[in-house]
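Student: Supplied structure: entry-v2.cif, mmCIF, C-alpha atoms.
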```
data_model
#
loop_
_atom_site.label_atom_id
_atom_site.label_comp_id
_atom_site.auth_asym_id
_atom_site.auth_seq_id
_atom_site.Cartn_x
_atom_site.Cartn_y
_atom_site.Cartn_z
CA MET A 28 -23.66 -19.06 -28.80
CA ARG A 29 -22.18 -16.38 -26.53
CA ILE A 30 -24.33 -13.47 -27.69
CA ALA A 31 -27.07 -13.97 -25.04
CA PRO A 32 -24.67 -14.03 -22.06
CA LEU A 33 -22.90 -10.97 -23.42
CA LEU A 34 -26.21 -9.15 -23.79
CA CYS A 35 -27.11 -10.04 -20.18
CA LEU A 36 -23.75 -8.74 -18.97
CA ALA A 37 -24.25 -5.54 -20.93
CA ALA A 38 -27.68 -5.09 -19.36
CA LEU A 39 -26.27 -5.58 -15.86
CA LEU A 40 -23.49 -3.08 -16.52
CA ALA A 41 -26.03 -0.59 -17.87
CA ALA A 42 -28.17 -1.06 -14.76
CA SER A 43 -25.11 -0.53 -12.53
CA VAL A 44 -24.24 2.67 -14.37
CA SER A 45 -27.84 3.81 -14.06
CA GLU A 46 -27.88 3.13 -10.30
CA ALA A 47 -24.56 4.93 -9.90
CA THR A 48 -26.07 8.12 -11.24
CA VAL A 49 -28.79 8.21 -8.52
CA ARG A 50 -28.06 11.05 -6.08
CA TYR A 51 -28.99 10.74 -2.40
CA THR A 52 -29.03 13.56 0.13
CA ILE A 53 -29.47 12.89 3.85
CA LYS A 54 -30.47 15.67 6.25
CA ASN A 55 -30.50 15.20 10.04
CA ARG A 56 -32.36 17.86 12.02
CA ARG A 57 -33.91 18.56 15.44
CA ILE A 58 -37.10 20.36 16.44
CA GLU A 59 -36.07 23.82 17.62
CA PRO A 60 -37.90 26.01 20.16
CA GLY A 61 -41.06 27.47 18.66
CA GLN A 62 -41.02 25.09 15.69
CA ALA A 63 -43.93 22.93 14.61
CA LEU A 64 -43.05 19.86 12.56
CA ALA A 65 -44.29 21.40 9.31
CA GLN A 66 -42.15 24.50 9.88
CA ALA A 67 -39.13 22.33 10.67
CA LEU A 68 -39.59 20.51 7.35
CA HIS A 69 -39.84 23.84 5.50
CA ASP A 70 -36.70 25.05 7.27
CA ALA A 71 -34.94 21.88 6.08
CA GLN A 72 -35.75 23.13 2.54
CA LEU A 73 -38.22 20.37 1.75
CA PRO A 74 -40.58 21.52 -1.06
CA ASP A 75 -44.08 22.60 -0.01
CA ALA A 76 -45.80 19.69 -1.78
CA GLN A 77 -43.60 17.14 -0.02
CA VAL A 78 -44.12 18.82 3.37
CA THR A 79 -47.85 18.48 2.82
CA ALA A 80 -47.41 14.83 1.79
CA VAL A 81 -45.45 14.00 4.96
CA ILE A 82 -47.94 15.73 7.27
CA SER A 83 -50.86 14.01 5.52
CA ALA A 84 -49.17 10.59 5.80
CA LEU A 85 -48.69 11.05 9.56
CA GLU A 86 -52.24 12.19 10.32
CA GLY A 87 -53.88 9.60 12.55
CA VAL A 88 -50.48 7.99 13.16
CA PHE A 89 -48.63 10.71 15.08
CA ASP A 90 -50.14 13.27 17.47
CA PHE A 91 -48.48 16.52 16.32
CA ARG A 92 -49.32 18.15 19.67
CA LYS A 93 -46.76 15.83 21.27
CA SER A 94 -43.90 17.07 19.11
CA ARG A 95 -41.17 18.28 21.47
CA VAL A 96 -38.10 20.48 21.30
CA GLY A 97 -35.09 18.23 20.67
CA ASP A 98 -36.98 15.53 18.77
CA GLN A 99 -34.81 14.23 15.92
CA PHE A 100 -35.80 13.64 12.32
CA ARG A 101 -34.02 12.51 9.17
CA LEU A 102 -34.82 13.17 5.53
CA VAL A 103 -33.51 10.87 2.79
CA ILE A 104 -33.87 12.61 -0.57
CA ARG A 105 -33.38 10.70 -3.82
CA ASP A 106 -32.83 12.73 -6.97
CA GLY A 107 -34.57 15.72 -5.42
CA GLU A 108 -37.61 13.74 -4.22
CA LEU A 109 -38.24 12.70 -0.60
CA ASP A 110 -37.71 8.94 -0.36
CA PHE A 111 -37.83 8.39 3.41
CA PHE A 112 -38.67 10.39 6.56
CA ASP A 113 -37.80 9.19 10.06
CA TYR A 114 -38.92 10.94 13.31
CA ARG A 115 -37.58 9.89 16.72
CA GLN A 116 -38.52 10.95 20.24
CA SER A 117 -36.81 8.11 22.11
CA LEU A 118 -35.39 4.65 21.56
CA VAL A 119 -38.92 3.21 21.55
CA ASP A 120 -40.90 6.10 20.03
CA GLU A 121 -40.15 6.40 16.33
CA TRP A 122 -42.32 7.17 13.30
CA GLN A 123 -41.53 6.95 9.60
CA VAL A 124 -42.91 7.92 6.19
CA ARG A 125 -41.93 5.84 3.17
CA ARG A 126 -42.52 6.52 -0.48
CA ASP A 127 -44.78 3.91 -2.10
CA GLY A 128 -45.05 4.63 -5.79
CA GLU A 129 -46.72 8.02 -6.18
CA LYS A 130 -47.87 8.30 -2.56
CA TYR A 131 -46.36 8.41 0.94
CA VAL A 132 -47.33 6.02 3.76
CA GLY A 133 -46.81 6.84 7.45
CA SER A 134 -46.44 4.35 10.30
CA LYS A 135 -45.07 3.97 13.81
CA ARG A 136 -41.98 1.81 13.84
CA SER A 137 -42.23 -1.34 15.92
CA ILE A 138 -39.37 -1.54 18.44
CA GLU A 139 -38.69 -4.86 20.14
CA VAL A 140 -38.42 -4.43 23.91
CA GLU A 141 -37.47 -7.30 26.22
CA LYS A 142 -38.25 -7.41 29.93
CA GLN A 143 -35.50 -8.92 32.08
CA VAL A 144 -35.19 -9.29 35.83
CA SER A 145 -31.69 -8.64 37.14
CA VAL A 146 -29.85 -8.00 40.35
CA VAL A 147 -28.35 -4.53 40.76
CA SER A 148 -25.63 -4.11 43.40
CA LEU A 149 -24.41 -0.68 44.47
CA ASP A 150 -21.40 0.00 46.69
CA ILE A 151 -21.71 3.61 47.81
CA GLN A 152 -18.43 5.49 48.29
CA SER A 153 -19.57 9.05 47.65
CA SER A 154 -23.12 9.23 46.27
CA LEU A 155 -25.88 6.99 44.99
CA TYR A 156 -25.45 8.53 41.53
CA GLU A 157 -21.75 7.69 41.30
CA ALA A 158 -22.36 4.21 42.75
CA ALA A 159 -24.82 3.53 39.92
CA VAL A 160 -22.34 4.76 37.29
CA ASP A 161 -19.53 2.67 38.81
CA ALA A 162 -21.80 -0.40 38.67
CA GLY A 163 -22.53 0.19 34.99
CA GLU A 164 -26.15 1.06 35.70
CA ASP A 165 -28.30 3.97 34.59
CA PRO A 166 -28.28 6.59 37.39
CA ALA A 167 -32.10 6.39 37.29
CA ILE A 168 -31.79 3.29 39.47
CA GLY A 169 -31.16 5.69 42.35
CA MET A 170 -34.60 7.23 41.86
CA VAL A 171 -36.13 3.75 41.74
CA LEU A 172 -34.55 2.81 45.07
CA ALA A 173 -35.53 6.17 46.57
CA ASP A 174 -39.13 5.32 45.71
CA VAL A 175 -38.97 1.89 47.38
CA PHE A 176 -37.30 3.11 50.58
CA ALA A 177 -39.10 6.48 50.72
CA TRP A 178 -40.56 5.77 54.17
CA ASP A 179 -37.24 4.91 55.83
CA ILE A 180 -34.35 6.52 53.96
CA ASP A 181 -33.73 10.07 52.83
CA PHE A 182 -31.16 9.47 50.08
CA TYR A 183 -29.56 12.85 50.58
CA ARG A 184 -29.24 13.02 54.38
CA ASP A 185 -29.03 9.36 55.39
CA VAL A 186 -26.46 7.91 52.96
CA ARG A 187 -22.98 7.16 54.31
CA LYS A 188 -19.75 5.99 52.69
CA GLY A 189 -19.64 2.21 52.65
CA ASP A 190 -23.43 1.74 52.48
CA GLN A 191 -24.55 -1.05 50.18
CA ALA A 192 -27.78 -1.49 48.22
CA ARG A 193 -29.00 -4.51 46.29
CA ALA A 194 -32.20 -4.87 44.30
CA LEU A 195 -33.97 -7.47 42.20
CA VAL A 196 -35.45 -5.21 39.54
CA GLU A 197 -37.18 -5.37 36.17
CA LYS A 198 -35.26 -3.93 33.24
CA PHE A 199 -36.78 -3.07 29.88
CA VAL A 200 -34.07 -3.60 27.27
CA SER A 201 -33.86 -2.84 23.55
CA LYS A 202 -30.82 -3.71 21.44
CA GLY A 203 -28.81 -4.41 24.58
CA ARG A 204 -29.56 -1.02 26.13
CA VAL A 205 -31.63 -0.46 29.27
CA LEU A 206 -34.53 1.82 28.35
CA ARG A 207 -35.96 2.06 31.85
CA TYR A 208 -36.34 0.21 35.13
CA GLY A 209 -39.64 -1.39 36.07
CA GLU A 210 -40.81 -2.77 39.41
CA VAL A 211 -38.40 -3.55 42.23
CA LEU A 212 -39.31 -7.07 43.39
CA ALA A 213 -37.00 -7.11 46.39
CA ALA A 214 -34.39 -4.78 47.82
CA THR A 215 -31.91 -4.58 50.68
CA TYR A 216 -30.01 -1.62 52.08
CA ALA A 217 -27.18 -1.86 54.60
CA GLY A 218 -26.50 1.62 55.97
CA GLY A 219 -24.17 3.02 58.57
CA LEU A 220 -26.88 5.40 59.77
CA VAL A 221 -30.19 3.71 58.91
CA GLY A 222 -29.15 0.11 59.61
CA ASN A 223 -30.29 -2.88 57.59
CA LYS A 224 -33.48 -2.69 55.54
CA LYS A 225 -35.07 -5.43 53.44
CA VAL A 226 -38.36 -5.16 51.58
CA PHE A 227 -40.37 -7.35 49.21
CA ARG A 228 -43.01 -6.40 46.68
CA TYR A 229 -46.25 -8.34 47.20
CA VAL A 230 -49.50 -8.00 45.27
CA LEU A 231 -52.56 -8.11 47.50
CA PRO A 232 -55.75 -9.96 46.49
CA ASP A 233 -57.35 -6.67 45.39
CA GLY A 234 -54.52 -6.21 42.86
CA GLN A 235 -52.72 -3.47 44.78
CA PRO A 236 -48.95 -3.96 45.22
CA ASN A 237 -47.22 -2.97 48.44
CA TYR A 238 -43.85 -3.48 50.09
CA PHE A 239 -43.43 -5.50 53.25
CA ALA A 240 -40.57 -6.50 55.54
CA GLU A 241 -39.48 -10.13 55.99
CA ASP A 242 -42.01 -10.73 58.78
CA GLY A 243 -44.95 -9.22 56.87
CA ALA A 244 -44.80 -5.83 58.57
CA SER A 245 -45.65 -2.98 56.20
CA ALA A 246 -42.73 -1.01 54.77
CA LYS A 247 -45.15 1.88 54.33
CA LYS A 248 -45.54 4.58 56.98
CA THR A 249 -48.27 7.17 57.32
CA PHE A 250 -45.79 9.89 56.22
CA LEU A 251 -42.82 9.88 53.84
CA LYS A 252 -39.44 11.10 55.08
CA SER A 253 -39.26 13.73 52.32
CA PRO A 254 -41.59 15.39 49.76
CA LEU A 255 -38.93 14.84 47.07
CA LYS A 256 -37.31 11.63 45.87
CA TYR A 257 -33.84 13.15 46.09
CA ALA A 258 -32.84 16.68 47.10
CA ASN A 259 -30.37 18.70 49.14
CA VAL A 260 -31.46 20.20 52.48
CA THR A 261 -30.23 23.80 52.24
CA SER A 262 -31.89 25.23 55.35
CA ARG A 263 -33.18 23.40 58.41
CA PHE A 264 -35.97 24.04 60.89
CA GLY A 265 -35.36 26.75 63.52
CA SER A 266 -34.11 30.32 63.75
CA ARG A 267 -31.90 31.68 60.95
CA LEU A 268 -30.77 34.90 59.32
CA HIS A 269 -33.36 35.38 56.60
CA PRO A 270 -31.58 35.61 53.20
CA VAL A 271 -33.92 38.34 51.90
CA LEU A 272 -35.10 40.24 54.98
CA LYS A 273 -31.61 40.14 56.59
CA TYR A 274 -32.73 39.66 60.19
CA LEU A 275 -33.03 36.68 62.54
CA LYS A 276 -36.32 34.96 61.88
CA ALA A 277 -37.94 31.63 62.74
CA HIS A 278 -37.69 29.20 59.84
CA ASN A 279 -40.81 27.08 60.20
CA GLY A 280 -39.86 24.29 57.85
CA VAL A 281 -37.11 22.73 55.75
CA ASP A 282 -35.73 24.06 52.45
CA TYR A 283 -34.69 21.62 49.73
CA GLY A 284 -32.47 22.92 46.94
CA THR A 285 -33.76 21.44 43.70
CA PRO A 286 -34.06 22.50 40.04
CA ILE A 287 -37.25 24.22 38.88
CA GLY A 288 -39.79 21.65 37.72
CA THR A 289 -38.82 18.82 40.10
CA PRO A 290 -41.93 16.73 40.98
CA VAL A 291 -43.17 17.26 44.57
CA TRP A 292 -44.90 14.41 46.44
CA ALA A 293 -47.71 14.58 48.94
CA VAL A 294 -46.05 13.03 51.98
CA ALA A 295 -49.33 11.49 53.17
CA ASP A 296 -52.96 11.03 52.20
CA GLY A 297 -55.07 14.10 52.81
CA THR A 298 -57.29 16.91 51.54
CA VAL A 299 -55.99 20.04 49.81
CA THR A 300 -57.11 23.15 51.71
CA GLN A 301 -55.19 25.67 49.61
CA ALA A 302 -53.62 25.68 46.13
CA GLY A 303 -52.72 29.10 44.77
CA TYR A 304 -50.50 32.14 45.06
CA SER A 305 -49.80 33.25 48.63
CA GLY A 306 -47.53 36.31 48.74
CA ALA A 307 -44.07 35.55 50.14
CA ALA A 308 -44.76 31.80 49.91
CA GLY A 309 -45.32 32.08 46.15
CA ASN A 310 -47.39 29.30 44.68
CA MET A 311 -48.34 27.13 47.66
CA VAL A 312 -50.20 23.90 48.37
CA VAL A 313 -51.51 23.14 51.85
CA ILE A 314 -52.81 19.66 52.74
CA ARG A 315 -54.77 18.60 55.83
CA HIS A 316 -54.00 15.08 57.09
CA ALA A 317 -55.36 12.80 59.81
CA ASN A 318 -54.53 13.24 63.51
CA GLY A 319 -54.14 17.03 63.37
CA PHE A 320 -51.29 17.16 60.83
CA GLU A 321 -50.97 19.72 58.04
CA THR A 322 -48.23 20.05 55.40
CA GLN A 323 -47.22 23.10 53.35
CA TYR A 324 -45.33 23.19 50.03
CA MET A 325 -44.08 26.65 48.93
CA HIS A 326 -42.36 28.52 46.04
CA LEU A 327 -43.82 26.12 43.47
CA SER A 328 -43.61 26.69 39.72
CA ARG A 329 -46.95 25.00 38.97
CA PHE A 330 -49.53 22.63 40.42
CA GLY A 331 -50.22 18.99 39.62
CA ASP A 332 -53.26 17.87 37.65
CA GLY A 333 -56.48 18.22 39.62
CA VAL A 334 -54.78 19.77 42.65
CA ARG A 335 -57.16 22.40 44.01
CA ALA A 336 -58.88 23.26 47.28
CA GLY A 337 -61.12 20.37 48.37
CA ALA A 338 -59.34 17.71 46.29
CA ARG A 339 -58.30 14.44 47.91
CA VAL A 340 -54.67 13.43 47.33
CA ARG A 341 -52.76 10.22 47.95
CA GLN A 342 -49.35 9.65 49.46
CA LYS A 343 -46.68 9.85 46.70
CA GLN A 344 -49.06 11.68 44.35
CA VAL A 345 -47.30 14.48 42.43
CA ILE A 346 -49.12 17.56 43.71
CA ALA A 347 -46.84 20.24 42.24
CA TYR A 348 -43.44 21.09 40.77
CA SER A 349 -40.70 23.01 42.56
CA GLY A 350 -39.99 26.58 41.55
CA ASN A 351 -38.72 30.00 42.58
CA THR A 352 -41.90 32.00 43.18
CA GLY A 353 -42.64 34.44 46.00
CA ARG A 354 -39.92 35.69 48.36
CA SER A 355 -37.18 33.35 47.21
CA THR A 356 -33.48 33.75 46.44
CA GLY A 357 -33.23 30.70 44.20
CA PRO A 358 -34.97 27.52 43.05
CA HIS A 359 -36.03 25.45 46.04
CA LEU A 360 -38.94 23.86 47.88
CA HIS A 361 -39.94 25.01 51.36
CA PHE A 362 -41.69 22.20 53.21
CA GLY A 363 -43.55 22.91 56.44
CA LEU A 364 -45.25 20.55 58.89
CA LYS A 365 -47.86 21.51 61.48
CA ARG A 366 -49.32 19.38 64.27
CA ASN A 367 -52.42 20.65 66.08
CA GLY A 368 -51.83 24.14 64.68
CA GLY A 369 -48.17 24.52 65.66
CA TYR A 370 -45.09 24.12 63.48
CA THR A 371 -42.83 21.15 64.17
CA ASN A 372 -39.55 19.91 62.71
CA PRO A 373 -40.27 17.56 59.77
CA LEU A 374 -36.83 15.95 60.02
CA ASN A 375 -37.16 14.41 63.48
CA GLN A 376 -40.64 12.89 63.30
CA GLN A 377 -41.32 9.20 63.96
CA PHE A 378 -44.47 8.13 62.19
CA PRO A 379 -46.21 4.76 62.64
CA ARG A 380 -46.28 2.09 59.96
CA ALA A 381 -49.35 1.01 58.05
CA ASP A 382 -51.14 -2.24 58.92
CA PRO A 383 -49.17 -5.48 58.45
CA LEU A 384 -50.24 -8.28 56.12
CA PRO A 385 -53.33 -10.19 57.28
CA LYS A 386 -52.38 -13.49 58.90
CA THR A 387 -54.23 -15.39 56.18
CA LEU A 388 -51.79 -14.07 53.54
CA LEU A 389 -48.64 -14.51 55.59
CA PRO A 390 -47.76 -18.10 54.50
CA ASP A 391 -48.01 -17.17 50.81
CA PHE A 392 -45.98 -14.00 51.34
CA LEU A 393 -43.25 -15.81 53.30
CA ALA A 394 -42.90 -18.43 50.55
CA LYS A 395 -42.52 -15.80 47.84
CA ALA A 396 -40.15 -13.72 49.97
CA ALA A 397 -37.98 -16.81 50.42
CA GLU A 398 -37.83 -17.28 46.62
CA LEU A 399 -36.79 -13.66 46.10
CA THR A 400 -34.21 -13.83 48.89
CA ALA A 401 -32.70 -16.95 47.31
CA GLN A 402 -32.34 -15.13 43.99
CA LEU A 403 -30.62 -12.16 45.63
CA GLU A 404 -28.23 -14.37 47.60
CA ALA A 405 -27.55 -16.75 44.71
CA VAL A 406 -26.31 -13.88 42.57
CA SER A 407 -24.24 -12.61 45.47
CA VAL A 408 -22.52 -16.00 45.78
CA ALA A 409 -21.97 -16.08 42.02
CA ALA A 410 -20.36 -12.64 42.14
CA VAL A 411 -17.92 -13.81 44.78
CA ALA A 412 -17.03 -16.69 42.50
CA GLY A 413 -16.23 -14.23 39.72
CA GLN A 414 -19.41 -14.67 37.71
CA ALA A 415 -21.63 -11.89 36.36
CA ALA A 416 -23.92 -10.40 38.98
CA SER A 417 -26.52 -9.15 36.53
CA ALA A 418 -27.72 -12.37 34.91
CA PRO A 419 -31.49 -12.45 34.22
CA VAL A 420 -33.52 -14.42 36.75
CA ALA A 421 -37.10 -15.61 36.81
CA VAL A 422 -39.99 -13.53 38.14
CA PRO A 423 -42.02 -15.45 40.76
CA THR A 424 -45.75 -15.66 40.14
CA GLN A 425 -47.81 -13.27 42.25
CA PRO A 426 -51.25 -14.22 43.61
#
```
Write out the structure in this file as structure tokens.
Tutor:
Amino acid sequence: MRIAPLLCLAALLAASVSEATVRYTIKNRRIEPGQALAQALHDAQLPDAQVTAVISALEGVFDFRKSRVGDQFRLVIRDGELDFFDYRQSLVDEWQVRRDGEKYVGSKRSIEVEKQVSVVSLDIQSSLYEAAVDAGEDPAIGMVLADVFAWDIDFYRDVRKGDQARALVEKFVSKGRVLRYGEVLAATYAGGLVGNKKVFRYVLPDGQPNYFAEDGASAKKTFLKSPLKYANVTSRFGSRLHPVLKYLKAHNGVDYGTPIGTPVWAVADGTVTQAGYSGAAGNMVVIRHANGFETQYMHLSRFGDGVRAGARVRQKQVIAYSGNTGRSTGPHLHFGLKRNGGYTNPLNQQFPRADPLPKTLLPDFLAKAAELTAQLEAVSVAAVAGQAASAPVAVPTQP
């Protein structure tokens, strides 16, 4: 009567012993400089046939041209045969190859990403970067705010201890971690130097979003305050001892110390009149703007896509990347501004704002701005009461 159960137990024990003899090897690697994916797999001592199988399984699934230095991959080898391959570029960009019988199947892994809208509050004691870290936010929030307030605040020169920033911002979250920030729906800045600023994102009937003040005035000006989101002014406009030539010479612009490869903005709409190498200026872009203005961007490492003489560019378009070309003692951007043919100091200009909202749109804008203001202030009151200041809130419907 007990033979059958004993036989079943024996079979289970045999299966357990069999499983225990399976040998797994896990290899974690990164793409090194000069390595293609196939070479990286060979260097990880994967047999040629299995390298070919992995590459074949990923064809049409992964663009091998987009493989980058530092990308991570993992090999799970079972009894000498590849069982699983995982390739990761970021938290949301991951590909895998699984063994399915005698073949391998490649796919892009589906990562669940949730969009939340939260209030971010920054109390600045030393820098925007440290304020973000102290608030438990990704320091990238500083770049997001620099984008929103680009017409009014230079986040290197204008920030003072005790300044406060608050923003209602989209967050894209996966597994509890913020992957990136999205649109800023509303933001305030209380600054010792720049005063109080408040802006609201509003989508116009043509689908174009813009930022406006509480009364519907445009937050946008004809020129940005800086050609970089965030950089250190290392040399101002005026006479100076030239660091290379070693004599007193007029410095017809502003130098920003910034790492090579930093994106450079066009400070206003215009037409490119020059984009190429120009002796002491190195790689240079020159843009002609309305009302007799011209801007110059020097010592660049490379130019932006489509930036060439005759091309039209938009304000905030990335026209180039900072570098160390020409007569330069270190990585920086030289930014020059001309008006009617003569150089002028870019740091003391007062440019007019763009057109305000049409009166027909003002009632709708004011209603939505009131909703956003209520959300900002409601979270502020909750914070005073000891509640979390980053609770998700609803996104108001745009027209």
Student: Would you translate the PyMOL selection byres ((chain A and resi 93-102) around 12) into the concrete set of residues it matches in this file, as a ChimeraX atom specification?
Tutor: /A:51-69,71-73,77-78,81,88-92,103-105,107-118,120-126
Student: Just C-alpha atoms for this one: save the residues we selected as a compact mmCIF listing (two decimals), in the frame of the given file.
Tutor:
```txt
# COMPACT_ATOMS: atom_id res chain seq x y z
CA TYR A 51 -28.99 10.74 -2.40
CA THR A 52 -29.03 13.56 0.13
CA ILE A 53 -29.47 12.89 3.85
CA LYS A 54 -30.47 15.67 6.25
CA ASN A 55 -30.50 15.20 10.04
CA ARG A 56 -32.36 17.86 12.02
CA ARG A 57 -33.91 18.56 15.44
CA ILE A 58 -37.10 20.36 16.44
CA GLU A 59 -36.07 23.82 17.62
CA PRO A 60 -37.90 26.01 20.16
CA GLY A 61 -41.06 27.47 18.66
CA GLN A 62 -41.02 25.09 15.69
CA ALA A 63 -43.93 22.93 14.61
CA LEU A 64 -43.05 19.86 12.56
CA ALA A 65 -44.29 21.40 9.31
CA GLN A 66 -42.15 24.50 9.88
CA ALA A 67 -39.13 22.33 10.67
CA LEU A 68 -39.59 20.51 7.35
CA HIS A 69 -39.84 23.84 5.50
CA ALA A 71 -34.94 21.88 6.08
CA GLN A 72 -35.75 23.13 2.54
CA LEU A 73 -38.22 20.37 1.75
CA GLN A 77 -43.60 17.14 -0.02
CA VAL A 78 -44.12 18.82 3.37
CA VAL A 81 -45.45 14.00 4.96
CA VAL A 88 -50.48 7.99 13.16
CA PHE A 89 -48.63 10.71 15.08
CA ASP A 90 -50.14 13.27 17.47
CA PHE A 91 -48.48 16.52 16.32
CA ARG A 92 -49.32 18.15 19.67
CA VAL A 103 -33.51 10.87 2.79
CA ILE A 104 -33.87 12.61 -0.57
CA ARG A 105 -33.38 10.70 -3.82
CA GLY A 107 -34.57 15.72 -5.42
CA GLU A 108 -37.61 13.74 -4.22
CA LEU A 109 -38.24 12.70 -0.60
CA ASP A 110 -37.71 8.94 -0.36
CA PHE A 111 -37.83 8.39 3.41
CA PHE A 112 -38.67 10.39 6.56
CA ASP A 113 -37.80 9.19 10.06
CA TYR A 114 -38.92 10.94 13.31
CA ARG A 115 -37.58 9.89 16.72
CA GLN A 116 -38.52 10.95 20.24
CA SER A 117 -36.81 8.11 22.11
CA LEU A 118 -35.39 4.65 21.56
CA ASP A 120 -40.90 6.10 20.03
CA GLU A 121 -40.15 6.40 16.33
CA TRP A 122 -42.32 7.17 13.30
CA GLN A 123 -41.53 6.95 9.60
CA VAL A 124 -42.91 7.92 6.19
CA ARG A 125 -41.93 5.84 3.17
CA ARG A 126 -42.52 6.52 -0.48
```
Student: So what does the PyMOL selection byres ((chain A and resi 220-235) around 10) actually pick up in this one, as number ranges by chain?
Tutor: A: 175-176, 179-181, 184-187, 190-195, 210-219, 236-246, 384, 388, 391-393, 395-397, 399-400, 424-426
Student: For region 340-347 of chain A, please output as a VMD selection string all residues within 7 Å (counting all atoms listed in the file; exclusion window: fewer than 3 positions along the same chain).
Tutor: chain A and resid 290 to 298 327 329 to 331 334
Student: Find the smallest box with edges along x, y and z containing every listed atom of region 153-170 of chain A, then add 8 Å on each side and report centre and edge lengths in Å to one decimal, as AutoDock Vina command-line options.
Tutor:
```
--center_x -27.1 --center_y 4.4 --center_z 41.1 --size_x 31.1 --size_y 25.6 --size_z 29.1
```
Student: What does the structure give for the distance between CA of Ser154 (chain A) and CA of Gly189 (chain A), in Å to one decimal?
Tutor: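 These atoms are spaced 10.1 Å apart.
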Student: Counting only C-alpha atoms, which of A:Phe199, A:Phe362, A:Phe320, A:Tyr348 gets nearest to Val119 (chain A)?
Tutor: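 Of the candidates, the smallest distance to Val119 (chain A) is held by A:Phe199.
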Student: Work out how far apart CA of Trp178 (chain A) and CA of Ser328 (chain A) are and give it in Å to one decimal.
Tutor: 25.6 Å
Student: Quick one: distance from CA of Tyr370 (chain A) to CA of Arg335 (chain A) in Å, one decimal?
Tutor: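 Answer for the CA of Tyr370 (chain A) to CA of Arg335 (chain A) separation: 23.0 Å.
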Student: Between A:Lys188, A:Arg354, A:Lys386, A:Lys142, which one has atoms that come closest to Ala307 (chain A), using all atoms listed in the file?
Tutor: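 Looking at the shortest contact to Ala307 (chain A), the residue is A:Arg354.
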